[in-house]
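Engineer: Once you've had a glance at the structure underneath, I'll fire off some questions.
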Amino acid sequence: MATQIRLIVDGKTHTISVEDPNMPLLYALRDELGLDNPHFGCGLAQCGACTVHVNGEPIRSCVTAVSTVKDAKITTLAGLGTPQHPHPIQKAYMEEQVPQCGYCINGWIMTAAALLKANPHPTDQQIRDGLAGLKCRCGTHMAILRAVKRAAAMA
Ligand code: FES
Ligand code: FES
């Protein structure tokens, strides 16, 4: 029997009907709501491409059951800022021209945004530690480090 689940995503409330309450949140965001910023990378909590914020904390939506986040405040990359008013880390990414293929960007930006919220002026080591566990196959790591530092300088 299908279960109705209320999701609050980027300030909008949605009710979805799911056959399996253990379905990953990532599938609900992409397939039910059509939000394509959280990416499927590994599906095993190993790469971070699927990261979203739940009540302000970064989580890996590929291994988060949709039923566990009902009524929580979910923020995706699209909810972090707007083209007119980007989040500082989004602005810094553009200014540093970080992306190559762009597949990983979602995870790095969502994780860095949470890091900067908790620690607005991190050291290089704190940035490296905070972003450990994310993957970029294009090797943009040094540009990412510059972007996070640039965003921190905007605070
Ligand atoms: S797709 Fe979720 S961590 Fe890789
Ligand atoms: S920019 Fe291509 S995987 Fe990171």
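Simple scheme: letters A, B, ... for chains in structure tokens order, numbers from 1 for residues in each chain, numbers from 1 for ligands in the order shown.
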Which residues, written as a ChimeraX atom specification, have at least one atom at most 10 Å from Lys117 in chain A, with only C-alpha atoms counted and residues fewer than 5 positions away on the same chain left out?

Structural biologist: /A:56-57,111-112,152,155

Engineer: Could you write out the selected residues, including N, CA, C and O atoms, as a CSV table (one decimal), in the first residue's frame?

Structural biologist:
```
chain,number,residue,atom,x,y,z
A,56,GLY,N,19.6,21.9,7.9
A,56,GLY,CA,20.8,22.6,7.9
A,56,GLY,C,22.1,21.7,7.9
A,56,GLY,O,23.2,22.2,7.8
A,57,GLU,N,21.9,20.4,8.0
A,57,GLU,CA,23.0,19.5,8.1
A,57,GLU,C,23.2,18.8,6.7
A,57,GLU,O,22.2,18.3,6.2
A,111,THR,N,28.4,20.7,0.8
A,111,THR,CA,29.2,20.4,2.0
A,111,THR,C,29.9,21.6,2.4
A,111,THR,O,30.0,21.9,3.6
A,112,ALA,N,30.5,22.3,1.5
A,112,ALA,CA,31.3,23.5,1.8
A,112,ALA,C,30.4,24.6,2.5
A,112,ALA,O,30.8,25.3,3.4
A,152,ALA,N,35.0,32.2,2.1
A,152,ALA,CA,35.2,32.6,3.5
A,152,ALA,C,35.6,34.1,3.6
A,152,ALA,O,35.1,34.8,4.6
A,155,ALA,N,32.7,36.6,3.9
A,155,ALA,CA,31.9,36.6,5.1
A,155,ALA,C,32.2,37.9,6.0
A,155,ALA,O,33.3,38.3,6.0
```

Engineer: Contacts of Gln90 in chain A at 9 Å or less, counting only C-alpha atoms, minus same-chain residues fewer than 5 places along, as a list in words?

Structural biologist: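 Once the adjacent positions are removed, what remains is Leu80, Gly81, Glu95, Ile109, Ala113, Ala147 and Ala151 of chain A.
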
Engineer: For the selection just defined, write its residues with C-alpha atoms to a file, as a PDB file, in the first residue's frame.

Structural biologist:
```pdb
ATOM      1  CA  LEU A  80      21.019  27.667  -1.523  1.00  0.00           C
ATOM      2  CA  GLY A  81      21.012  30.823  -3.621  1.00  0.00           C
ATOM      3  CA  GLU A  95      34.820  33.366  -9.923  1.00  0.00           C
ATOM      4  CA  ILE A 109      29.104  23.137  -2.693  1.00  0.00           C
ATOM      5  CA  ALA A 113      28.221  25.708   2.563  1.00  0.00           C
ATOM      6  CA  ALA A 147      36.870  28.804  -3.915  1.00  0.00           C
ATOM      7  CA  ALA A 151      33.857  32.386  -0.055  1.00  0.00           C
TER       8      ALA A 151
END
```

Engineer: Residues up to 12 Å from ligand 1, counting only C-alpha atoms and all ligand atoms: could you list those as JSON, numbers by chain?

Structural biologist: {"A": [24, 25, 26, 27, 37, 38, 39, 40, 41, 42, 43, 44, 45, 46, 47, 48, 49, 50, 51, 52, 58, 59, 60, 61, 62, 63, 64, 103, 104, 106, 107, 108, 111, 133, 134, 135, 136]}

Engineer: Residues as selected, C-alpha atoms, written as a tab-separated table (two decimals), in the first residue's frame, can you do that?

Structural biologist:
```tsv
chain	number	residue	atom	x	y	z
A	24	PRO	CA	16.24	6.82	-1.00
A	25	LEU	CA	15.46	10.51	-0.66
A	26	LEU	CA	17.60	11.02	-3.78
A	27	TYR	CA	15.08	9.09	-5.88
A	37	ASN	CA	20.94	19.04	-8.76
A	38	PRO	CA	21.50	16.15	-6.35
A	39	HIS	CA	23.31	13.60	-8.50
A	40	PHE	CA	23.55	9.85	-8.33
A	41	GLY	CA	27.24	8.98	-8.17
A	42	CYS	CA	27.89	5.83	-6.19
A	43	GLY	CA	24.67	5.17	-4.31
A	44	LEU	CA	26.78	4.03	-1.37
A	45	ALA	CA	27.52	7.23	0.60
A	46	GLN	CA	31.03	7.24	-0.86
A	47	CYS	CA	31.19	10.24	-3.19
A	48	GLY	CA	28.86	12.99	-1.95
A	49	ALA	CA	27.29	13.84	-5.31
A	50	CYS	CA	23.82	13.39	-3.81
A	51	THR	CA	24.29	15.74	-0.84
A	52	VAL	CA	21.43	17.92	0.37
A	58	PRO	CA	24.58	17.92	4.97
A	59	ILE	CA	23.40	14.36	4.38
A	60	ARG	CA	23.84	11.84	1.61
A	61	SER	CA	20.44	11.44	0.08
A	62	CYS	CA	21.32	8.19	-1.70
A	63	VAL	CA	21.34	6.34	1.63
A	64	THR	CA	18.66	8.35	3.46
A	103	TYR	CA	29.02	16.23	-12.04
A	104	CYS	CA	30.45	16.49	-8.53
A	106	ASN	CA	26.53	19.60	-5.97
A	107	GLY	CA	28.28	17.64	-3.25
A	108	TRP	CA	31.21	19.98	-2.82
A	111	THR	CA	29.17	20.37	1.99
A	133	GLY	CA	35.18	11.98	1.53
A	134	LEU	CA	33.99	13.90	-1.50
A	135	LYS	CA	35.13	12.84	-4.94
A	136	CYS	CA	35.99	14.80	-8.07
```

Engineer: Give the residues close to ligand 2, within 8 Å, counting only C-alpha atoms and all ligand atoms; write them as a ChimeraX atom specification.

Structural biologist: /A:98-105,135-140

Engineer: So that I can check the secondary structure, give me every residue of chain A assigned strand (DSSP E or B) by backbone DSSP, as a list in words.

Structural biologist: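 Of chain A, the ones in strand (DSSP E or B) are Thr3, Gln4, Ile5, Arg6, Leu7, Ile8, Val9, Lys12, Thr13, His14, Thr15, Ile16, Ser17, Val18, Pro24, Thr51, Val52, His53, Val54, Glu57, Pro58, Ile59, Arg60, Ala65, Lys73, Ile74 and Thr75 of chain A.
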
Engineer: Taking the DSSP assignment computed from this structure's backbone, write out as number ranges by chain all residues of range 2-153 of chain A that belong to helix (DSSP H, G or I).

Structural biologist: A: 25-32, 61-63, 66-69, 77-80, 88-95, 105-118, 124-130, 141-153

Engineer: Taking only C-alpha atoms into account, name the residue in A:Thr75, A:Lys91, A:Gln84, A:Val69 that is nearest to Asp10 in chain A.

Structural biologist: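 Of all the options, A:Thr75 lies closest to Asp10 in chain A.
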
Engineer: When you count only C-alpha atoms, which of these residues is closest to Ala28 in chain A: A:Ala72, A:Ile144, A:Met154, A:Ile5?

Structural biologist: A:Ile5

Engineer: Record the distance separating CA of Lys70 in chain A and CA of Gln4 in chain A, expressed in Å with one decimal.

Structural biologist: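 Computing it gives 9.6 Å between the two atoms.
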
Engineer: One decimal, Å: what's the distance from CA of Glu32 in chain A over to CA of His85 in chain A, could you say?

Structural biologist: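 Computed distance, CA of Glu32 in chain A to CA of His85 in chain A, equals 27.2 Å.
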
Engineer: Using only C-alpha atoms, which of A:Ile127, A:Ile16, A:Ala132, A:Ile8 sits nearest Arg150 in chain A?

Structural biologist: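 Ranking A:Ile127, A:Ile16, A:Ala132, A:Ile8 by distance to Arg150 in chain A, first place goes to A:Ile127.
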
Engineer: Quick check, in Å to one decimal: how far apart do CA of Lys73 in chain A and CA of Val9 in chain A lie?

Structural biologist: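 Going from CA of Lys73 in chain A over to CA of Val9 in chain A, I get 6.4 Å.
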
Engineer: Give me, as a PyMOL selection string, all polymer residues having an atom no more than 10 Å from Lys149 in chain A, counting only C-alpha atoms and skipping those fewer than 5 positions away in the same chain.

Structural biologist: chain A and resi 89+92+116+120-124+127+143-144+154

Engineer: Can I get the selection written as a compact mmCIF listing (two decimals), in the first residue's frame, with N, CA and C atoms?

Structural biologist:
```txt
# COMPACT_ATOMS: atom_id res chain seq x y z
N ILE A 89 29.54 30.67 -1.66
CA ILE A 89 30.33 29.57 -2.23
C ILE A 89 29.95 29.35 -3.70
N ALA A 92 31.82 32.14 -5.45
CA ALA A 92 33.26 31.84 -5.49
C ALA A 92 33.56 30.75 -6.51
N LEU A 116 31.12 26.23 6.06
CA LEU A 116 31.31 27.67 6.28
C LEU A 116 30.28 28.23 7.26
N PRO A 120 32.97 29.95 9.82
CA PRO A 120 33.05 30.92 8.72
C PRO A 120 34.47 31.21 8.23
N HIS A 121 35.47 30.95 9.05
CA HIS A 121 36.85 31.23 8.63
C HIS A 121 37.75 30.02 8.91
N PRO A 122 37.54 28.95 8.16
CA PRO A 122 38.32 27.73 8.40
C PRO A 122 39.75 27.87 7.90
N THR A 123 40.64 27.14 8.54
CA THR A 123 42.00 27.02 8.04
C THR A 123 42.01 26.08 6.84
N ASP A 124 43.14 26.07 6.12
CA ASP A 124 43.26 25.14 4.99
C ASP A 124 43.01 23.70 5.44
N ILE A 127 39.40 23.03 6.07
CA ILE A 127 38.67 22.87 4.80
C ILE A 127 38.92 21.46 4.25
N ALA A 143 41.34 24.06 -7.07
CA ALA A 143 40.41 25.16 -7.38
C ALA A 143 39.29 25.21 -6.35
N ILE A 144 38.85 24.06 -5.89
CA ILE A 144 37.81 24.01 -4.85
C ILE A 144 38.34 24.67 -3.58
N MET A 154 34.49 36.40 1.89
CA MET A 154 33.32 37.26 1.66
C MET A 154 32.50 37.44 2.93
```

Engineer: Which residue is closest to His14 in chain A? Choose from A:Asn55, A:Met94, A:Asp36, A:Asp71 and count only C-alpha atoms.

Structural biologist: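 Under the stated criterion, the closest residue is A:Asp71.
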